[in-house]
file my_file.cif (mmCIF, C-alpha atoms)
data_start
loop_
_atom_site.group_PDB
_atom_site.id
_atom_site.type_symbol
_atom_site.label_atom_id
_atom_site.label_comp_id
_atom_site.auth_asym_id
_atom_site.auth_seq_id
_atom_site.Cartn_x
_atom_site.Cartn_y
_atom_site.Cartn_z
ATOM 1 C CA MET X 1 54.115 89.684 96.349
ATOM 2 C CA THR X 2 57.440 90.994 97.650
ATOM 3 C CA SER X 3 60.594 89.773 95.968
ATOM 4 C CA PRO X 4 63.435 88.490 98.140
ATOM 5 C CA ASP X 5 66.010 91.101 97.100
ATOM 6 C CA LEU X 6 64.507 93.762 94.866
ATOM 7 C CA THR X 7 65.736 97.335 95.258
ATOM 8 C CA PHE X 8 64.005 100.235 93.501
ATOM 9 C CA ILE X 9 65.840 103.553 93.108
ATOM 10 C CA LEU X 10 63.959 106.546 91.767
ATOM 11 C CA GLY X 11 64.480 110.277 91.539
ATOM 12 C CA GLY X 12 64.528 113.222 89.216
ATOM 13 C CA ALA X 13 66.936 113.937 86.393
ATOM 14 C CA ARG X 14 70.516 114.212 87.648
ATOM 15 C CA SER X 15 69.471 113.233 91.176
ATOM 16 C CA GLY X 16 72.247 110.638 91.461
ATOM 17 C CA LYS X 17 70.003 107.595 91.119
ATOM 18 C CA SER X 18 72.133 105.675 88.598
ATOM 19 C CA ALA X 19 75.396 106.295 90.452
ATOM 20 C CA TYR X 20 73.741 105.219 93.718
ATOM 21 C CA ALA X 21 72.385 102.042 92.112
ATOM 22 C CA GLU X 22 75.838 101.290 90.714
ATOM 23 C CA ARG X 23 77.391 101.740 94.189
ATOM 24 C CA LEU X 24 74.858 99.281 95.642
ATOM 25 C CA ALA X 25 75.779 96.770 92.952
ATOM 26 C CA VAL X 26 79.520 97.169 93.613
ATOM 27 C CA ASP X 27 79.011 96.992 97.393
ATOM 28 C CA SER X 28 77.174 93.665 97.025
ATOM 29 C CA GLY X 29 80.471 92.001 96.067
ATOM 30 C CA LEU X 30 78.572 89.878 93.539
ATOM 31 C CA PRO X 31 78.991 89.626 89.761
ATOM 32 C CA VAL X 32 76.886 92.283 88.015
ATOM 33 C CA THR X 33 75.022 92.427 84.733
ATOM 34 C CA TYR X 34 73.979 95.919 83.730
ATOM 35 C CA VAL X 35 70.782 95.992 81.681
ATOM 36 C CA ALA X 36 70.605 99.163 79.597
ATOM 37 C CA THR X 37 67.159 100.070 78.273
ATOM 38 C CA ALA X 38 68.228 103.020 76.124
ATOM 39 C CA ARG X 39 67.518 102.633 72.439
ATOM 40 C CA THR X 40 70.787 103.702 70.854
ATOM 41 C CA ASP X 41 70.162 102.595 67.272
ATOM 42 C CA ASP X 42 68.323 105.799 66.332
ATOM 43 C CA THR X 43 70.289 108.481 68.203
ATOM 44 C CA GLU X 44 72.320 109.680 65.233
ATOM 45 C CA GLY X 45 72.679 113.433 65.515
ATOM 46 C CA ASP X 46 71.580 113.498 69.174
ATOM 47 C CA THR X 47 74.994 114.278 70.614
ATOM 48 C CA GLU X 48 73.615 115.177 74.040
ATOM 49 C CA PHE X 49 71.954 111.768 74.473
ATOM 50 C CA ALA X 50 75.031 109.999 73.088
ATOM 51 C CA ALA X 51 77.126 111.837 75.709
ATOM 52 C CA ARG X 52 74.769 110.655 78.481
ATOM 53 C CA VAL X 53 75.081 107.053 77.307
ATOM 54 C CA GLU X 54 78.870 107.387 77.137
ATOM 55 C CA GLN X 55 78.999 108.829 80.668
ATOM 56 C CA HIS X 56 77.153 105.762 81.949
ATOM 57 C CA ARG X 57 79.513 103.451 80.032
ATOM 58 C CA GLU X 58 82.628 105.131 81.403
ATOM 59 C CA ARG X 59 81.370 104.987 84.984
ATOM 60 C CA ARG X 60 80.612 101.242 84.927
ATOM 61 C CA PRO X 61 83.340 98.802 85.922
ATOM 62 C CA ALA X 62 84.835 97.115 82.865
ATOM 63 C CA HIS X 63 84.232 93.606 84.257
ATOM 64 C CA TRP X 64 80.453 94.061 84.436
ATOM 65 C CA ALA X 65 78.455 92.289 81.777
ATOM 66 C CA LEU X 66 76.214 94.497 79.637
ATOM 67 C CA VAL X 67 72.920 93.541 78.023
ATOM 68 C CA GLU X 68 70.833 95.988 76.025
ATOM 69 C CA ALA X 69 67.089 95.478 76.467
ATOM 70 C CA PRO X 70 65.118 98.327 74.934
ATOM 71 C CA LEU X 71 61.874 96.290 74.704
ATOM 72 C CA ASP X 72 61.858 92.770 76.200
ATOM 73 C CA LEU X 73 62.874 93.663 79.736
ATOM 74 C CA ALA X 74 60.921 90.799 81.316
ATOM 75 C CA GLY X 75 62.543 88.203 79.057
ATOM 76 C CA VAL X 76 66.020 89.551 79.713
ATOM 77 C CA LEU X 77 65.434 89.607 83.472
ATOM 78 C CA ARG X 78 64.205 86.001 83.452
ATOM 79 C CA GLU X 79 67.283 84.987 81.434
ATOM 80 C CA LEU X 80 69.869 86.791 83.589
ATOM 81 C CA ASP X 81 68.482 86.374 87.086
ATOM 82 C CA HIS X 82 70.091 83.754 89.314
ATOM 83 C CA GLU X 83 71.298 83.427 92.890
ATOM 84 C CA GLY X 84 74.619 85.055 93.719
ATOM 85 C CA HIS X 85 74.281 87.621 90.932
ATOM 86 C CA VAL X 86 73.139 91.243 90.583
ATOM 87 C CA VAL X 87 71.004 92.479 87.715
ATOM 88 C CA LEU X 88 70.967 96.288 87.551
ATOM 89 C CA ILE X 89 68.256 97.680 85.247
ATOM 90 C CA ASP X 90 68.744 101.306 84.180
ATOM 91 C CA CYS X 91 66.098 102.544 83.545
ATOM 92 C CA LEU X 92 62.320 102.071 83.413
ATOM 93 C CA THR X 93 61.882 105.603 82.101
ATOM 94 C CA LEU X 94 63.580 104.812 78.790
ATOM 95 C CA TRP X 95 61.998 101.347 78.589
ATOM 96 C CA LEU X 96 58.530 102.873 78.807
ATOM 97 C CA ALA X 97 59.445 105.488 76.186
ATOM 98 C CA ASN X 98 60.575 102.682 73.868
ATOM 99 C CA LEU X 99 57.298 100.822 74.377
ATOM 100 C CA LEU X 100 55.070 103.866 73.914
ATOM 101 C CA PHE X 101 57.049 105.473 71.090
ATOM 102 C CA PRO X 102 58.381 102.759 68.776
ATOM 103 C CA ALA X 103 61.392 103.394 66.574
ATOM 104 C CA ASP X 104 59.121 103.360 63.519
ATOM 105 C CA GLY X 105 57.487 106.600 64.715
ATOM 106 C CA SER X 106 54.029 105.156 65.274
ATOM 107 C CA THR X 107 51.765 106.762 67.862
ATOM 108 C CA PRO X 108 50.815 105.021 71.105
ATOM 109 C CA ASP X 109 47.243 103.795 71.312
ATOM 110 C CA GLY X 110 47.408 103.104 75.043
ATOM 111 C CA PRO X 111 49.535 101.586 77.750
ATOM 112 C CA PRO X 112 51.625 98.460 77.022
ATOM 113 C CA LEU X 113 49.726 96.341 79.549
ATOM 114 C CA GLN X 114 51.147 92.973 78.455
ATOM 115 C CA ALA X 115 54.731 94.223 78.805
ATOM 116 C CA PHE X 116 53.897 95.493 82.307
ATOM 117 C CA SER X 117 52.308 92.179 83.307
ATOM 118 C CA ASP X 118 55.291 90.229 81.970
ATOM 119 C CA PHE X 119 57.686 92.478 83.908
ATOM 120 C CA ASP X 120 55.604 92.128 87.096
ATOM 121 C CA ALA X 121 55.799 88.345 86.765
ATOM 122 C CA ALA X 122 59.553 88.408 86.184
ATOM 123 C CA LEU X 123 60.076 90.638 89.235
ATOM 124 C CA SER X 124 57.935 88.424 91.452
ATOM 125 C CA ASN X 125 60.143 85.419 90.714
ATOM 126 C CA VAL X 126 63.647 86.867 91.113
ATOM 127 C CA ARG X 127 66.234 84.630 92.746
ATOM 128 C CA GLY X 128 69.225 86.980 92.828
ATOM 129 C CA LYS X 129 69.642 90.643 93.676
ATOM 130 C CA VAL X 130 67.833 93.005 91.309
ATOM 131 C CA ILE X 131 68.242 96.781 91.318
ATOM 132 C CA VAL X 132 65.823 98.824 89.210
ATOM 133 C CA VAL X 133 66.244 102.539 88.396
ATOM 134 C CA SER X 134 63.478 104.909 87.287
ATOM 135 C CA ASN X 135 62.705 108.602 87.129
ATOM 136 C CA GLU X 136 60.082 110.249 89.303
ATOM 137 C CA ILE X 137 58.471 112.725 86.936
ATOM 138 C CA GLY X 138 55.049 113.108 88.518
ATOM 139 C CA LEU X 139 55.870 115.864 90.994
ATOM 140 C CA GLY X 140 55.013 118.747 88.668
ATOM 141 C CA VAL X 141 51.903 120.070 87.014
ATOM 142 C CA VAL X 142 49.683 117.934 84.784
ATOM 143 C CA PRO X 143 51.362 118.123 81.361
ATOM 144 C CA MET X 144 49.700 119.539 78.272
ATOM 145 C CA GLY X 145 48.972 117.091 75.473
ATOM 146 C CA SER X 146 47.399 113.658 75.675
ATOM 147 C CA VAL X 147 50.526 111.731 74.657
ATOM 148 C CA THR X 148 52.637 113.414 77.335
ATOM 149 C CA ARG X 149 49.922 112.803 79.944
ATOM 150 C CA LEU X 150 49.781 109.142 78.893
ATOM 151 C CA TYR X 151 53.549 108.843 79.402
ATOM 152 C CA VAL X 152 53.552 110.577 82.810
ATOM 153 C CA ASP X 153 50.539 108.581 84.001
ATOM 154 C CA GLU X 154 51.920 105.225 82.859
ATOM 155 C CA LEU X 155 55.352 105.869 84.356
ATOM 156 C CA GLY X 156 53.678 106.748 87.652
ATOM 157 C CA ARG X 157 51.657 103.526 87.551
ATOM 158 C CA LEU X 158 54.728 101.485 86.576
ATOM 159 C CA ASN X 159 56.752 103.013 89.416
ATOM 160 C CA GLN X 160 53.968 102.159 91.868
ATOM 161 C CA ARG X 161 53.910 98.540 90.688
ATOM 162 C CA VAL X 162 57.671 98.147 91.066
ATOM 163 C CA ALA X 163 57.717 99.914 94.456
ATOM 164 C CA ALA X 164 54.963 97.618 95.750
ATOM 165 C CA ALA X 165 56.968 94.529 94.699
ATOM 166 C CA SER X 166 60.261 95.830 96.100
ATOM 167 C CA THR X 167 61.826 95.081 99.452
ATOM 168 C CA HIS X 168 63.799 98.349 99.363
ATOM 169 C CA VAL X 169 62.771 101.662 97.789
ATOM 170 C CA THR X 170 65.012 104.738 97.812
ATOM 171 C CA MET X 171 64.265 108.199 96.431
ATOM 172 C CA MET X 172 67.289 110.218 95.390
ATOM 173 C CA VAL X 173 67.194 113.978 95.908
ATOM 174 C CA ALA X 174 70.274 116.128 95.188
ATOM 175 C CA GLY X 175 72.509 113.074 95.449
ATOM 176 C CA LEU X 176 71.108 112.061 98.823
ATOM 177 C CA PRO X 177 69.260 108.761 99.351
ATOM 178 C CA LEU X 178 65.944 108.960 101.144
ATOM 179 C CA VAL X 179 64.792 105.511 102.228
ATOM 180 C CA LEU X 180 61.078 105.062 101.557
ATOM 181 C CA LYS X 181 60.803 101.326 102.206
ATOM 182 C CA GLY X 182 62.999 98.654 103.754
#
call {"tool": "encode", "arguments": {"input": "my_file.cif", "output": "structure tokens"}}
result
Amino acid sequence: MTSPDLTFILGGARSGKSAYAERLAVDSGLPVTYVATARTDDTEGDTEFAARVEQHRERRPAHWALVEAPLDLAGVLRELDHEGHVVLIDCLTLWLANLLFPADGSTPDGPPLQAFSDFDAALSNVRGKVIVVSNEIGLGVVPMGSVTRLYVDELGRLNQRVAAASTHVTMMVAGLPLVLKG
């Protein structure tokens, strides 16, 4: 099922995908809620990641609402979505990492299928404009290690699900948008 106004932006690290998604949100002229999926409660000592989070914060307009959703992305989307509003989700890559690698350090025993199904259902019922950002990490060699392969495989499957549901899909390469759908 295709959602009425669902835009999916994907690309590699530092491809410009978040900045492009933010421009789309601004250009809509609608109120925006930014949904951050990064888990920031356990980043003490990771100054590089903290700097990335801060860069995103500084770039966002101050009047945008912010909701942090490291795990229950479907529930947050259902709560925030309404006509005449933009929900910008950045990003699926970190959301999946949070699901597969919990803060308690436990090891994944497989894909989080219920979370995926819940997110699919939330996406299929959107009423407003939703912009979703994700990394494309499957363009390289098959990674060593079963946990890394699980992550790469599940992100690829998740990206396919979101792309299939989206009305617009754009791949960012070197800051340039390549329209794949819509």
call {"tool": "resolve_selection", "arguments": {"input": "my_file.cif", "expression": "the PyMOL selection byres ((chain X and resi 92-108) around 7)", "output": "number ranges by chain"}}
result
X: 37-38, 70-71, 90-91, 109-110, 112, 133-135, 155
call {"tool": "atom_distance", "arguments": {"input": "my_file.cif", "atom1": "atom CA of Val141 of chain X", "atom2": "atom CA of Lys17 of chain X"}}
result
22.4 Å
call {"tool": "atom_distance", "arguments": {"input": "my_file.cif", "atom1": "atom CA of Lys181 of chain X", "atom2": "atom CA of Leu10 of chain X"}}
result
12.1 Å
call {"tool": "closest_residue", "arguments": {"input": "my_file.cif", "among": "X:Ala21, X:Ala122, X:Ala164, X:Pro111", "to": "Val147 of chain X", "atoms": "all atoms listed in the file"}}
result
X:Pro111
call {"tool": "closest_residue", "arguments": {"input": "my_file.cif", "among": "X:Asp120, X:Leu150, X:Met172, X:Ala69", "to": "Ala13 of chain X", "atoms": "all atoms listed in the file"}}
result
X:Met172
call {"tool": "closest_residue", "arguments": {"input": "my_file.cif", "among": "X:Val86, X:Val132, X:Ala19, X:Val142", "to": "Leu158 of chain X", "atoms": "all atoms listed in the file"}}
result
X:Val132
call {"tool": "closest_atom_pairs", "arguments": {"input": "my_file.cif", "of": "segment 93-124 of chain X", "to": "segment 73-84 of chain X", "cutoff": "10 Å", "atoms": "only C-alpha atoms", "output": "Markdown table"}}
result
| residue | atom | partner | partner_atom | distance |
| --- | --- | --- | --- | --- |
| X:Trp95 | CA | X:Leu73 | CA | 7.8 |
| X:Ala115 | CA | X:Ala74 | CA | 7.5 |
| X:Phe116 | CA | X:Ala74 | CA | 8.5 |
| X:Ser117 | CA | X:Ala74 | CA | 8.9 |
| X:Asp118 | CA | X:Ala74 | CA | 5.7 |
| X:Phe119 | CA | X:Ala74 | CA | 4.5 |
| X:Asp120 | CA | X:Ala74 | CA | 8.0 |
| X:Ala121 | CA | X:Ala74 | CA | 7.9 |
| X:Ala122 | CA | X:Ala74 | CA | 5.6 |
| X:Leu123 | CA | X:Leu77 | CA | 7.9 |
call {"tool": "atom_distance", "arguments": {"input": "my_file.cif", "atom1": "atom CA of Arg127 of chain X", "atom2": "atom CA of Ala165 of chain X"}}
result
13.7 Å
call {"tool": "closest_residue", "arguments": {"input": "my_file.cif", "among": "X:Ala36, X:Leu30, X:Leu24, X:Val152", "to": "Gly128 of chain X", "atoms": "only C-alpha atoms"}}
result
X:Leu30
call {"tool": "closest_residue", "arguments": {"input": "my_file.cif", "among": "X:Thr167, X:Val173, X:Gln114, X:Ala65", "to": "Glu136 of chain X", "atoms": "only C-alpha atoms"}}
result
X:Val173
call {"tool": "axis_aligned_box", "arguments": {"input": "my_file.cif", "around": "segment 95-112 of chain X", "padding_each_side": "5 Å", "output": "lines of an AutoDock Vina configuration file"}}
result
center_x = 54.6
center_y = 102.6
center_z = 71.2
size_x = 24.8
size_y = 18.3
size_z = 25.3
call {"tool": "residues_near_point", "arguments": {"input": "my_file.cif", "point": "(68.8, 111.1, 92.1)", "cutoff": "8 Å", "atoms": "only C-alpha atoms", "output": "compact mmCIF listing (two decimals) with C-alpha atoms, in the frame of the given file"}}
result
# COMPACT_ATOMS: atom_id res chain seq x y z
CA LEU X 10 63.96 106.55 91.77
CA GLY X 11 64.48 110.28 91.54
CA GLY X 12 64.53 113.22 89.22
CA ALA X 13 66.94 113.94 86.39
CA ARG X 14 70.52 114.21 87.65
CA SER X 15 69.47 113.23 91.18
CA GLY X 16 72.25 110.64 91.46
CA LYS X 17 70.00 107.60 91.12
CA SER X 18 72.13 105.68 88.60
CA TYR X 20 73.74 105.22 93.72
CA MET X 171 64.26 108.20 96.43
CA MET X 172 67.29 110.22 95.39
CA VAL X 173 67.19 113.98 95.91
CA ALA X 174 70.27 116.13 95.19
CA GLY X 175 72.51 113.07 95.45
CA LEU X 176 71.11 112.06 98.82
CA PRO X 177 69.26 108.76 99.35
call {"tool": "closest_residue", "arguments": {"input": "my_file.cif", "among": "X:Val169, X:Val35, X:Ile89, X:Ile131", "to": "Val67 of chain X", "atoms": "only C-alpha atoms"}}
result
X:Val35
call {"tool": "decode", "arguments": {"input": "my_file.cif", "residues": "segment 70-146 of chain X", "atoms": "C-alpha atoms", "output": "mmCIF file, in the first residue's frame"}}
result
data_model
loop_
_atom_site.group_PDB
_atom_site.id
_atom_site.type_symbol
_atom_site.label_atom_id
_atom_site.label_comp_id
_atom_site.auth_asym_id
_atom_site.auth_seq_id
_atom_site.Cartn_x
_atom_site.Cartn_y
_atom_site.Cartn_z
ATOM 1 C CA PRO X 70 15.043 5.325 19.993
ATOM 2 C CA LEU X 71 12.712 2.280 20.138
ATOM 3 C CA ASP X 72 8.962 2.869 19.670
ATOM 4 C CA LEU X 73 9.083 4.562 16.286
ATOM 5 C CA ALA X 74 5.684 3.235 15.192
ATOM 6 C CA GLY X 75 3.965 4.521 18.332
ATOM 7 C CA VAL X 76 5.561 7.940 18.015
ATOM 8 C CA LEU X 77 4.609 8.190 14.339
ATOM 9 C CA ARG X 78 0.989 7.274 15.093
ATOM 10 C CA GLU X 79 0.923 9.904 17.859
ATOM 11 C CA LEU X 80 2.467 12.749 15.834
ATOM 12 C CA ASP X 81 1.021 12.200 12.380
ATOM 13 C CA HIS X 82 -1.830 14.460 11.289
ATOM 14 C CA GLU X 83 -2.865 16.443 8.233
ATOM 15 C CA GLY X 84 -1.065 19.727 7.647
ATOM 16 C CA HIS X 85 2.041 18.585 9.523
ATOM 17 C CA VAL X 86 5.452 17.114 8.659
ATOM 18 C CA VAL X 87 7.061 14.312 10.627
ATOM 19 C CA LEU X 88 10.753 13.941 9.750
ATOM 20 C CA ILE X 89 12.296 10.689 11.031
ATOM 21 C CA ASP X 90 16.105 10.645 11.156
ATOM 22 C CA CYS X 91 17.098 7.835 10.917
ATOM 23 C CA LEU X 92 16.174 4.170 10.447
ATOM 24 C CA THR X 93 19.829 3.179 10.652
ATOM 25 C CA LEU X 94 20.113 4.165 14.315
ATOM 26 C CA TRP X 95 16.626 2.856 15.134
ATOM 27 C CA LEU X 96 17.575 -0.589 13.854
ATOM 28 C CA ALA X 97 20.853 -0.480 15.800
ATOM 29 C CA ASN X 98 18.882 0.332 18.959
ATOM 30 C CA LEU X 99 16.535 -2.598 18.352
ATOM 31 C CA LEU X 100 19.274 -5.105 17.545
ATOM 32 C CA PHE X 101 21.776 -3.926 20.157
ATOM 33 C CA PRO X 102 19.919 -2.925 23.326
ATOM 34 C CA ALA X 103 21.473 -0.529 25.809
ATOM 35 C CA ASP X 104 21.891 -3.405 28.268
ATOM 36 C CA GLY X 105 24.489 -4.987 25.955
ATOM 37 C CA SER X 106 22.504 -8.114 25.154
ATOM 38 C CA THR X 107 23.106 -9.874 21.847
ATOM 39 C CA PRO X 108 20.509 -9.950 19.072
ATOM 40 C CA ASP X 109 18.806 -13.282 18.524
ATOM 41 C CA GLY X 110 17.243 -12.249 15.220
ATOM 42 C CA PRO X 111 15.402 -9.467 13.479
ATOM 43 C CA PRO X 112 12.860 -7.349 15.406
ATOM 44 C CA LEU X 113 9.949 -8.475 13.228
ATOM 45 C CA GLN X 114 7.175 -7.069 15.439
ATOM 46 C CA ALA X 115 8.767 -3.605 15.458
ATOM 47 C CA PHE X 116 9.011 -3.748 11.651
ATOM 48 C CA SER X 117 5.371 -4.814 11.295
ATOM 49 C CA ASP X 118 4.226 -2.053 13.651
ATOM 50 C CA PHE X 119 6.226 0.525 11.674
ATOM 51 C CA ASP X 120 4.827 -0.773 8.362
ATOM 52 C CA ALA X 121 1.302 -0.358 9.729
ATOM 53 C CA ALA X 122 2.006 3.160 10.978
ATOM 54 C CA LEU X 123 3.464 4.162 7.598
ATOM 55 C CA SER X 124 0.507 2.740 5.691
ATOM 56 C CA ASN X 125 -1.901 4.962 7.619
ATOM 57 C CA VAL X 126 -0.143 8.343 7.522
ATOM 58 C CA ARG X 127 -2.350 11.392 7.077
ATOM 59 C CA GLY X 128 0.285 14.134 6.939
ATOM 60 C CA LYS X 129 3.647 14.438 5.233
ATOM 61 C CA VAL X 130 6.258 11.975 6.486
ATOM 62 C CA ILE X 131 9.934 12.078 5.540
ATOM 63 C CA VAL X 132 12.093 9.103 6.518
ATOM 64 C CA VAL X 133 15.917 9.042 6.367
ATOM 65 C CA SER X 134 18.097 5.922 6.248
ATOM 66 C CA ASN X 135 21.577 4.846 5.255
ATOM 67 C CA GLU X 136 22.274 2.643 2.259
ATOM 68 C CA ILE X 137 25.019 0.362 3.520
ATOM 69 C CA GLY X 138 24.541 -2.649 1.268
ATOM 70 C CA LEU X 139 26.686 -1.524 -1.653
ATOM 71 C CA GLY X 140 29.912 -3.094 -0.397
ATOM 72 C CA VAL X 141 31.177 -6.585 0.215
ATOM 73 C CA VAL X 142 29.381 -9.065 2.470
ATOM 74 C CA PRO X 143 30.630 -8.198 5.971
ATOM 75 C CA MET X 144 32.529 -10.603 8.188
ATOM 76 C CA GLY X 145 30.773 -11.732 11.350
ATOM 77 C CA SER X 146 27.217 -12.948 11.782
#
